[in-house]
Amino acid sequence: MAPRFNLIVVLSLCLSLCLFPTPTASLQQNYYANICPNVENIVRDAVKKKFNQTFVTVPATIRLFFHDCFVQGCDASVIIASTASNTAEKDNPDNLSLAGDGFDTVIKAKAAVDAVPSCTNKVSCADILAMATRDVIALSGGPSYAVELGRLDGLVSTAASVNGKLPQPTFNLNQLNALFAANGLSQADMIALSAAHTVGFSHCSKFANRIYNFSTRNPVDPTLNKTYATQLQGMCPQNVDPRIAVNMDPNTPQIFDNMYFKNLKQHMGLFTSDEVLFTDPRSRSTVNAWASSSTKFQKAFVTAITKLGRVGVKTGSNGNIRSDCAVFN
C-alpha cells in the first residue's frame, strides 16, 4: 500500500506543478516590507523629481519596461551597457531609440534607494523599473496600482537576443497577437498595453511609409485620416532630420488616458500596428468599448501591465541584485 500511496503523492505533486506553475510565486505586493519598508516612497520621490525635469520621463520609462520584459523577461537586462566583449540589448537597432531619460530614471531611483543604509543593494533594478513605470503612469494621469515585487536582475544581456522579440510598427493583428501570446498575454492585454502610445512619441522614419510611399496606387495609407496625414507631412517632411519626433497622440499627448482609442476611431493611429486595432473587426469592439469608458480601459490596463511584469522573472541562482544597474556584478 505504501508504494502506491507514494506514487499518488508524486503524481499529485506533478499535476499541481503542471497546472499551477510557480515562476512568479516569489512576486508579491509589499515584498520589501521587512527589507526596505519605505522603498516605494523613495522610488516615487525620485521619479517625481525626474518627471518635473522633463515629461519624456513618462514615455521613456514605460517603453523601457516593455522592451525589457519582452526580451528575456523583466530583469533589467535592457539597462546593461555594452562592453568590448559584449554588445548588450540596448545596442540592438530596435532599442537604439529608447530615450536616455528612461535609463536615467531607473539609475537615479536606484541611487536614492541605495543611499538609505538599510536598503543598500537590497532592491533590484528590475523592481525599481517596475515601480518607476507605475509611478510615471500615475503622474501623467493614469491609474495607480499595487506593483508585485521580488524580481532579481538578469545575468545575461545580448543584442542578438532582441531579434524578433519586439512588435514592429507595420505589424498586423495576427503578428501582434502571436508575439504577445508568446509572453502569456491575450489580445485584450495587447490592446490595453498598446494604449501606452497615448503618451508616446515616434521618430518620423517609423511611419514615413504611411504618408509618402505606402503603395504605387496610394502614396498615403488610405486608412489614415487625410487631415492627420497632411499634419504629419508638415511635421515630417521628406528627408527630415532623423532626430525629429512627433507625439503619437495629437490631442492629449501628456495625459495617460483613453484618447488613444478615440483617435483610432478617427483613423488617427500613428502606426499601422495602432490603426489595425480598429480596422480589424476582431479587435474593433474592444477599441469601441474603451473609447467609451475610461474606467473599463484603466481596469484592463492594470490587469495587462501586472501580467507583463510577471514575464520571465528571475529568481534564485538565475539572477542577483546589481549594485550598478548598467553593469553586471
# chains A, B, ... in the order shown; residues from 1 in each chain; ligands from 1
call {"tool": "residues_around", "arguments": {"residues": "Asn52 of chain A", "least_positions_apart": "6", "cutoff": "12 Å", "atoms": "only C-alpha atoms", "output": "list of chain:residue names"}}
result
A:Asp45, A:Ala46, A:Val58, A:Thr105, A:Val136, A:Leu139, A:Ser140
call {"tool": "select_by_dssp", "arguments": {"residues": "segment 82-308 of chain A", "states": "strand (DSSP E or B)", "output": "MDAnalysis selection string"}}
result
chainID A and resid 83 86 149 152:154 201:203 245:247
call {"tool": "residues_around", "arguments": {"residues": "Gln231 of chain A", "least_positions_apart": "3", "cutoff": "12 Å", "atoms": "only C-alpha atoms", "output": "list in words"}}
result
Ile211, Leu224, Asn225, Lys226, Thr227, Tyr228, Gly234, Met235, Cys236, Pro237, Val246, Asn247, Pro250, Met268 and Leu270 of chain A
call {"tool": "write_last_selection", "arguments": {"atoms": "N, CA and C atoms", "output": "PDB file, in the first residue's frame"}}
result
ATOM      1  N   ILE A 211       2.853  57.911 -45.040  1.00  0.00           N
ATOM      2  CA  ILE A 211       2.495  59.249 -45.525  1.00  0.00           C
ATOM      3  C   ILE A 211       3.194  59.627 -46.836  1.00  0.00           C
ATOM      4  N   LEU A 224      -5.490  56.083 -43.174  1.00  0.00           N
ATOM      5  CA  LEU A 224      -5.056  57.202 -42.345  1.00  0.00           C
ATOM      6  C   LEU A 224      -5.944  58.423 -42.607  1.00  0.00           C
ATOM      7  N   ASN A 225      -6.424  59.047 -41.533  1.00  0.00           N
ATOM      8  CA  ASN A 225      -7.217  60.267 -41.631  1.00  0.00           C
ATOM      9  C   ASN A 225      -6.485  61.292 -42.507  1.00  0.00           C
ATOM     10  N   LYS A 226      -7.160  61.815 -43.542  1.00  0.00           N
ATOM     11  CA  LYS A 226      -6.485  62.680 -44.531  1.00  0.00           C
ATOM     12  C   LYS A 226      -5.937  63.963 -43.904  1.00  0.00           C
ATOM     13  N   THR A 227      -6.719  64.574 -43.008  1.00  0.00           N
ATOM     14  CA  THR A 227      -6.252  65.801 -42.356  1.00  0.00           C
ATOM     15  C   THR A 227      -5.037  65.512 -41.490  1.00  0.00           C
ATOM     16  N   TYR A 228      -5.103  64.396 -40.774  1.00  0.00           N
ATOM     17  CA  TYR A 228      -3.989  63.982 -39.914  1.00  0.00           C
ATOM     18  C   TYR A 228      -2.751  63.685 -40.765  1.00  0.00           C
ATOM     19  N   GLY A 234       3.538  67.754 -42.680  1.00  0.00           N
ATOM     20  CA  GLY A 234       4.083  69.057 -42.299  1.00  0.00           C
ATOM     21  C   GLY A 234       5.140  68.944 -41.215  1.00  0.00           C
ATOM     22  N   MET A 235       4.919  68.020 -40.278  1.00  0.00           N
ATOM     23  CA  MET A 235       5.881  67.830 -39.182  1.00  0.00           C
ATOM     24  C   MET A 235       7.063  66.973 -39.602  1.00  0.00           C
ATOM     25  N   CYS A 236       6.823  66.124 -40.592  1.00  0.00           N
ATOM     26  CA  CYS A 236       7.851  65.184 -41.041  1.00  0.00           C
ATOM     27  C   CYS A 236       8.035  65.274 -42.556  1.00  0.00           C
ATOM     28  N   PRO A 237       8.585  66.380 -43.035  1.00  0.00           N
ATOM     29  CA  PRO A 237       8.836  66.466 -44.483  1.00  0.00           C
ATOM     30  C   PRO A 237       9.845  65.400 -44.909  1.00  0.00           C
ATOM     31  N   VAL A 246       7.529  63.050 -33.241  1.00  0.00           N
ATOM     32  CA  VAL A 246       6.205  63.647 -33.068  1.00  0.00           C
ATOM     33  C   VAL A 246       5.427  62.870 -32.007  1.00  0.00           C
ATOM     34  N   ASN A 247       4.459  63.544 -31.387  1.00  0.00           N
ATOM     35  CA  ASN A 247       3.601  62.889 -30.402  1.00  0.00           C
ATOM     36  C   ASN A 247       2.730  61.846 -31.085  1.00  0.00           C
ATOM     37  N   PRO A 250      -2.098  63.130 -30.909  1.00  0.00           N
ATOM     38  CA  PRO A 250      -2.087  64.552 -31.263  1.00  0.00           C
ATOM     39  C   PRO A 250      -3.016  65.410 -30.407  1.00  0.00           C
ATOM     40  N   MET A 268      -6.722  57.931 -36.673  1.00  0.00           N
ATOM     41  CA  MET A 268      -5.553  58.729 -36.325  1.00  0.00           C
ATOM     42  C   MET A 268      -4.574  57.922 -35.473  1.00  0.00           C
ATOM     43  N   LEU A 270      -1.063  56.343 -35.264  1.00  0.00           N
ATOM     44  CA  LEU A 270       0.155  56.732 -35.981  1.00  0.00           C
ATOM     45  C   LEU A 270       0.784  55.567 -36.735  1.00  0.00           C
TER      46      LEU A 270
END
call {"tool": "closest_residue", "arguments": {"among": "A:Arg243, A:Asn258, A:Asp324, A:Gly316", "to": "Ser292 of chain A", "atoms": "only C-alpha atoms"}}
result
A:Asn258
call {"tool": "select_by_dssp", "arguments": {"residues": "segment 207-296 of chain A", "states": "helix (DSSP H, G or I)", "output": "ChimeraX atom specification"}}
result
/A:208-211,226-235,259-265,272-279,281-292,294-296
call {"tool": "write_last_selection", "arguments": {"atoms": "C-alpha atoms", "output": "JSON list (two decimals), in the first residue's frame"}}
result
[["chain", "number", "residue", "atom", "x", "y", "z"],
["A", 208, "ALA", "CA", 7.12, 57.64, -43.13],
["A", 209, "ASN", "CA", 5.91, 54.79, -45.34],
["A", 210, "ARG", "CA", 2.30, 55.63, -44.39],
["A", 211, "ILE", "CA", 2.49, 59.25, -45.52],
["A", 226, "LYS", "CA", -6.48, 62.68, -44.53],
["A", 227, "THR", "CA", -6.25, 65.80, -42.36],
["A", 228, "TYR", "CA", -3.99, 63.98, -39.91],
["A", 229, "ALA", "CA", -1.81, 62.71, -42.79],
["A", 230, "THR", "CA", -1.34, 66.28, -44.02],
["A", 231, "GLN", "CA", -0.38, 67.40, -40.49],
["A", 232, "LEU", "CA", 2.16, 64.57, -40.26],
["A", 233, "GLN", "CA", 3.67, 65.52, -43.62],
["A", 234, "GLY", "CA", 4.08, 69.06, -42.30],
["A", 235, "MET", "CA", 5.88, 67.83, -39.18],
["A", 259, "MET", "CA", -7.80, 59.24, -26.06],
["A", 260, "TYR", "CA", -5.69, 56.64, -27.90],
["A", 261, "PHE", "CA", -8.85, 54.65, -28.66],
["A", 262, "LYS", "CA", -10.85, 57.75, -29.61],
["A", 263, "ASN", "CA", -8.06, 58.62, -32.05],
["A", 264, "LEU", "CA", -8.15, 55.14, -33.59],
["A", 265, "LYS", "CA", -11.87, 55.58, -34.30],
["A", 272, "THR", "CA", -0.13, 50.56, -38.87],
["A", 273, "SER", "CA", 0.02, 48.42, -35.72],
["A", 274, "ASP", "CA", -2.09, 51.04, -33.93],
["A", 275, "GLU", "CA", -4.75, 51.60, -36.57],
["A", 276, "VAL", "CA", -5.17, 47.88, -37.26],
["A", 277, "LEU", "CA", -6.74, 47.54, -33.80],
["A", 278, "PHE", "CA", -9.73, 49.46, -35.16],
["A", 279, "THR", "CA", -9.72, 48.40, -38.82],
["A", 281, "PRO", "CA", -13.15, 43.60, -36.89],
["A", 282, "ARG", "CA", -11.72, 41.10, -34.39],
["A", 283, "SER", "CA", -10.39, 43.90, -32.15],
["A", 284, "ARG", "CA", -12.70, 46.79, -33.09],
["A", 285, "SER", "CA", -15.27, 46.10, -30.36],
["A", 286, "THR", "CA", -12.60, 46.41, -27.67],
["A", 287, "VAL", "CA", -11.42, 49.73, -29.10],
["A", 288, "ASN", "CA", -15.03, 50.98, -29.14],
["A", 289, "ALA", "CA", -15.64, 49.86, -25.57],
["A", 290, "TRP", "CA", -12.52, 51.51, -24.16],
["A", 291, "ALA", "CA", -13.02, 54.68, -26.19],
["A", 292, "SER", "CA", -16.38, 54.97, -24.43],
["A", 294, "SER", "CA", -12.06, 55.29, -19.30],
["A", 295, "THR", "CA", -12.84, 53.14, -16.24],
["A", 296, "LYS", "CA", -13.00, 49.92, -18.25]]
call {"tool": "residues_around", "arguments": {"residues": "Asp91 of chain A", "least_positions_apart": "3", "cutoff": "10 Å", "atoms": "only C-alpha atoms", "output": "list in words"}}
result
Val78, Ile80, Ala81, Ser82, Thr87, Ala88, Asp94, Asn95, Leu96, Ser97, Leu98, Thr158, Ala159, Ala160 and Val162 of chain A
call {"tool": "residues_around", "arguments": {"residues": "Ile35 of chain A", "least_positions_apart": "4", "cutoff": "12 Å", "atoms": "only C-alpha atoms", "output": "number ranges by chain"}}
result
A: 30-31, 39-40, 113, 116-124, 150
call {"tool": "closest_residue", "arguments": {"among": "A:Phe301, A:Phe328, A:Tyr32, A:Phe65", "to": "Tyr145 of chain A", "atoms": "only C-alpha atoms"}}
result
A:Phe301
call {"tool": "closest_residue", "arguments": {"among": "A:Ala138, A:Val313, A:Lys165, A:Lys206", "to": "Ala181 of chain A", "atoms": "only C-alpha atoms"}}
result
A:Lys165
call {"tool": "residues_around", "arguments": {"residues": "Thr315 of chain A", "least_positions_apart": "5", "cutoff": "12 Å", "atoms": "only C-alpha atoms", "output": "mmCIF file with all heavy atoms, in the first residue's frame"}}
result
data_model
loop_
_atom_site.group_PDB
_atom_site.id
_atom_site.type_symbol
_atom_site.label_atom_id
_atom_site.label_comp_id
_atom_site.auth_asym_id
_atom_site.auth_seq_id
_atom_site.Cartn_x
_atom_site.Cartn_y
_atom_site.Cartn_z
ATOM 1 N N THR A 22 4.931 27.877 -10.980
ATOM 2 C CA THR A 22 5.245 28.867 -9.953
ATOM 3 C C THR A 22 6.430 29.761 -10.285
ATOM 4 O O THR A 22 7.173 30.150 -9.403
ATOM 5 C CB THR A 22 5.541 28.139 -8.611
ATOM 6 O OG1 THR A 22 6.629 27.223 -8.838
ATOM 7 C CG2 THR A 22 4.341 27.398 -8.114
ATOM 8 N N PRO A 23 6.649 30.149 -11.572
ATOM 9 C CA PRO A 23 7.790 31.011 -11.847
ATOM 10 C C PRO A 23 7.651 32.393 -11.232
ATOM 11 O O PRO A 23 8.622 33.090 -11.021
ATOM 12 C CB PRO A 23 7.813 31.089 -13.381
ATOM 13 C CG PRO A 23 6.422 30.765 -13.808
ATOM 14 C CD PRO A 23 5.923 29.791 -12.799
ATOM 15 N N THR A 24 6.394 32.824 -10.946
ATOM 16 C CA THR A 24 6.195 34.149 -10.369
ATOM 17 C C THR A 24 5.736 34.056 -8.919
ATOM 18 O O THR A 24 5.256 35.029 -8.363
ATOM 19 C CB THR A 24 5.153 34.934 -11.191
ATOM 20 O OG1 THR A 24 3.914 34.213 -11.186
ATOM 21 C CG2 THR A 24 5.605 35.133 -12.617
ATOM 22 N N ALA A 25 5.886 32.880 -8.314
ATOM 23 C CA ALA A 25 5.409 32.707 -6.944
ATOM 24 C C ALA A 25 6.123 33.637 -5.980
ATOM 25 O O ALA A 25 5.586 34.007 -4.942
ATOM 26 C CB ALA A 25 5.602 31.251 -6.512
ATOM 27 N N SER A 26 7.366 34.042 -6.333
ATOM 28 C CA SER A 26 8.125 34.898 -5.429
ATOM 29 C C SER A 26 7.673 36.360 -5.509
ATOM 30 O O SER A 26 8.040 37.164 -4.672
ATOM 31 C CB SER A 26 9.621 34.808 -5.743
ATOM 32 O OG SER A 26 9.854 35.229 -7.077
ATOM 33 N N LEU A 27 6.904 36.707 -6.550
ATOM 34 C CA LEU A 27 6.428 38.083 -6.682
ATOM 35 C C LEU A 27 5.259 38.310 -5.744
ATOM 36 O O LEU A 27 4.332 37.516 -5.688
ATOM 37 C CB LEU A 27 5.986 38.376 -8.114
ATOM 38 C CG LEU A 27 7.059 38.454 -9.200
ATOM 39 C CD1 LEU A 27 6.435 38.911 -10.505
ATOM 40 C CD2 LEU A 27 8.184 39.377 -8.809
ATOM 41 N N GLY A 73 12.521 38.480 -20.375
ATOM 42 C CA GLY A 73 11.787 38.738 -19.140
ATOM 43 C C GLY A 73 12.152 40.040 -18.455
ATOM 44 O O GLY A 73 13.088 40.738 -18.837
ATOM 45 N N CYS A 74 11.368 40.377 -17.414
ATOM 46 C CA CYS A 74 11.537 41.638 -16.676
ATOM 47 C C CYS A 74 12.709 41.505 -15.712
ATOM 48 O O CYS A 74 12.527 41.182 -14.529
ATOM 49 C CB CYS A 74 10.268 41.965 -15.909
ATOM 50 S SG CYS A 74 8.747 41.918 -16.876
ATOM 51 N N ASP A 75 13.911 41.756 -16.232
ATOM 52 C CA ASP A 75 15.110 41.507 -15.427
ATOM 53 C C ASP A 75 16.149 42.622 -15.545
ATOM 54 O O ASP A 75 17.309 42.432 -15.171
ATOM 55 C CB ASP A 75 15.746 40.165 -15.816
ATOM 56 C CG ASP A 75 16.227 40.141 -17.267
ATOM 57 O OD1 ASP A 75 15.991 41.122 -18.000
ATOM 58 O OD2 ASP A 75 16.857 39.138 -17.659
ATOM 59 N N SER A 124 16.318 45.250 -6.307
ATOM 60 C CA SER A 124 16.796 45.009 -7.668
ATOM 61 C C SER A 124 16.448 46.157 -8.616
ATOM 62 O O SER A 124 15.459 46.876 -8.422
ATOM 63 C CB SER A 124 16.202 43.707 -8.216
ATOM 64 O OG SER A 124 14.802 43.857 -8.440
ATOM 65 N N ALA A 126 15.420 45.638 -11.575
ATOM 66 C CA ALA A 126 14.198 45.185 -12.247
ATOM 67 C C ALA A 126 12.960 45.646 -11.482
ATOM 68 O O ALA A 126 11.967 46.090 -12.085
ATOM 69 C CB ALA A 126 14.208 43.663 -12.378
ATOM 70 N N LEU A 149 6.385 42.686 -6.513
ATOM 71 C CA LEU A 149 7.837 42.845 -6.444
ATOM 72 C C LEU A 149 8.509 41.540 -6.038
ATOM 73 O O LEU A 149 7.865 40.602 -5.582
ATOM 74 C CB LEU A 149 8.181 43.964 -5.448
ATOM 75 C CG LEU A 149 7.593 45.344 -5.780
ATOM 76 C CD1 LEU A 149 7.732 46.285 -4.593
ATOM 77 C CD2 LEU A 149 8.258 45.924 -7.020
ATOM 78 N N GLY A 150 9.827 41.501 -6.218
ATOM 79 C CA GLY A 150 10.595 40.311 -5.863
ATOM 80 C C GLY A 150 11.410 39.771 -7.021
ATOM 81 O O GLY A 150 11.938 38.655 -6.957
ATOM 82 N N ARG A 151 11.545 40.576 -8.082
ATOM 83 C CA ARG A 151 12.357 40.166 -9.234
ATOM 84 C C ARG A 151 13.842 40.295 -8.901
ATOM 85 O O ARG A 151 14.237 41.196 -8.163
ATOM 86 C CB ARG A 151 12.075 41.063 -10.441
ATOM 87 C CG ARG A 151 10.651 41.094 -10.916
ATOM 88 C CD ARG A 151 10.395 42.257 -11.875
ATOM 89 N NE ARG A 151 8.967 42.394 -12.153
ATOM 90 C CZ ARG A 151 8.090 42.950 -11.324
ATOM 91 N NH1 ARG A 151 8.510 43.478 -10.173
ATOM 92 N NH2 ARG A 151 6.815 43.009 -11.630
ATOM 93 N N LEU A 152 14.641 39.452 -9.526
ATOM 94 C CA LEU A 152 16.091 39.637 -9.477
ATOM 95 C C LEU A 152 16.539 40.187 -10.826
ATOM 96 O O LEU A 152 15.812 40.102 -11.825
ATOM 97 C CB LEU A 152 16.797 38.309 -9.182
ATOM 98 C CG LEU A 152 16.619 37.758 -7.767
ATOM 99 C CD1 LEU A 152 17.350 36.423 -7.626
ATOM 100 C CD2 LEU A 152 17.100 38.748 -6.706
ATOM 101 N N ASP A 153 17.725 40.756 -10.857
ATOM 102 C CA ASP A 153 18.295 41.274 -12.098
ATOM 103 C C ASP A 153 18.925 40.140 -12.891
ATOM 104 O O ASP A 153 19.552 39.237 -12.322
ATOM 105 C CB ASP A 153 19.339 42.349 -11.784
ATOM 106 C CG ASP A 153 18.720 43.553 -11.085
ATOM 107 O OD1 ASP A 153 17.577 43.908 -11.416
ATOM 108 O OD2 ASP A 153 19.387 44.135 -10.201
ATOM 109 N N GLY A 154 18.788 40.209 -14.208
ATOM 110 C CA GLY A 154 19.295 39.157 -15.081
ATOM 111 C C GLY A 154 20.813 39.138 -15.155
ATOM 112 O O GLY A 154 21.490 40.126 -14.872
ATOM 113 N N LEU A 155 21.343 38.002 -15.570
ATOM 114 C CA LEU A 155 22.789 37.792 -15.643
ATOM 115 C C LEU A 155 23.318 37.822 -17.075
ATOM 116 O O LEU A 155 24.516 37.682 -17.294
ATOM 117 C CB LEU A 155 23.138 36.435 -15.006
ATOM 118 C CG LEU A 155 22.624 36.208 -13.577
ATOM 119 C CD1 LEU A 155 22.981 34.808 -13.105
ATOM 120 C CD2 LEU A 155 23.182 37.257 -12.626
ATOM 121 N N ARG A 310 5.136 39.984 -14.859
ATOM 122 C CA ARG A 310 5.431 38.607 -14.420
ATOM 123 C C ARG A 310 6.232 37.815 -15.457
ATOM 124 O O ARG A 310 6.628 36.673 -15.205
ATOM 125 C CB ARG A 310 4.117 37.863 -14.150
ATOM 126 C CG ARG A 310 3.278 38.448 -13.034
ATOM 127 C CD ARG A 310 1.894 37.810 -13.004
ATOM 128 N NE ARG A 310 1.057 38.388 -11.967
ATOM 129 C CZ ARG A 310 -0.274 38.279 -11.921
ATOM 130 N NH1 ARG A 310 -0.905 37.600 -12.879
ATOM 131 N NH2 ARG A 310 -0.959 38.841 -10.947
ATOM 132 N N ASN A 320 20.505 38.164 -9.637
ATOM 133 C CA ASN A 320 21.054 38.748 -8.413
ATOM 134 C C ASN A 320 20.570 40.198 -8.317
ATOM 135 O O ASN A 320 19.729 40.619 -9.101
ATOM 136 C CB ASN A 320 22.588 38.645 -8.385
ATOM 137 C CG ASN A 320 23.252 39.321 -9.583
ATOM 138 O OD1 ASN A 320 22.705 40.250 -10.179
ATOM 139 N ND2 ASN A 320 24.436 38.847 -9.948
ATOM 140 N N ILE A 321 21.101 40.935 -7.363
ATOM 141 C CA ILE A 321 20.767 42.348 -7.236
ATOM 142 C C ILE A 321 22.013 43.154 -7.603
ATOM 143 O O ILE A 321 23.032 43.086 -6.923
ATOM 144 C CB ILE A 321 20.294 42.688 -5.810
ATOM 145 C CG1 ILE A 321 18.956 41.983 -5.536
ATOM 146 C CG2 ILE A 321 20.147 44.202 -5.635
ATOM 147 C CD1 ILE A 321 18.449 42.148 -4.121
#
call {"tool": "closest_residue", "arguments": {"among": "A:Ala84, A:Val71, A:Ala60, A:Ala245", "to": "Val311 of chain A", "atoms": "only C-alpha atoms"}}
result
A:Val71
call {"tool": "closest_residue", "arguments": {"among": "A:Lys50, A:His67, A:Lys110, A:Lys307", "to": "Asn92 of chain A", "atoms": "only C-alpha atoms"}}
result
A:His67
call {"tool": "closest_residue", "arguments": {"among": "A:Val106, A:Ala304, A:Cys125, A:Val327", "to": "Ala196 of chain A", "atoms": "only C-alpha atoms"}}
result
A:Ala304
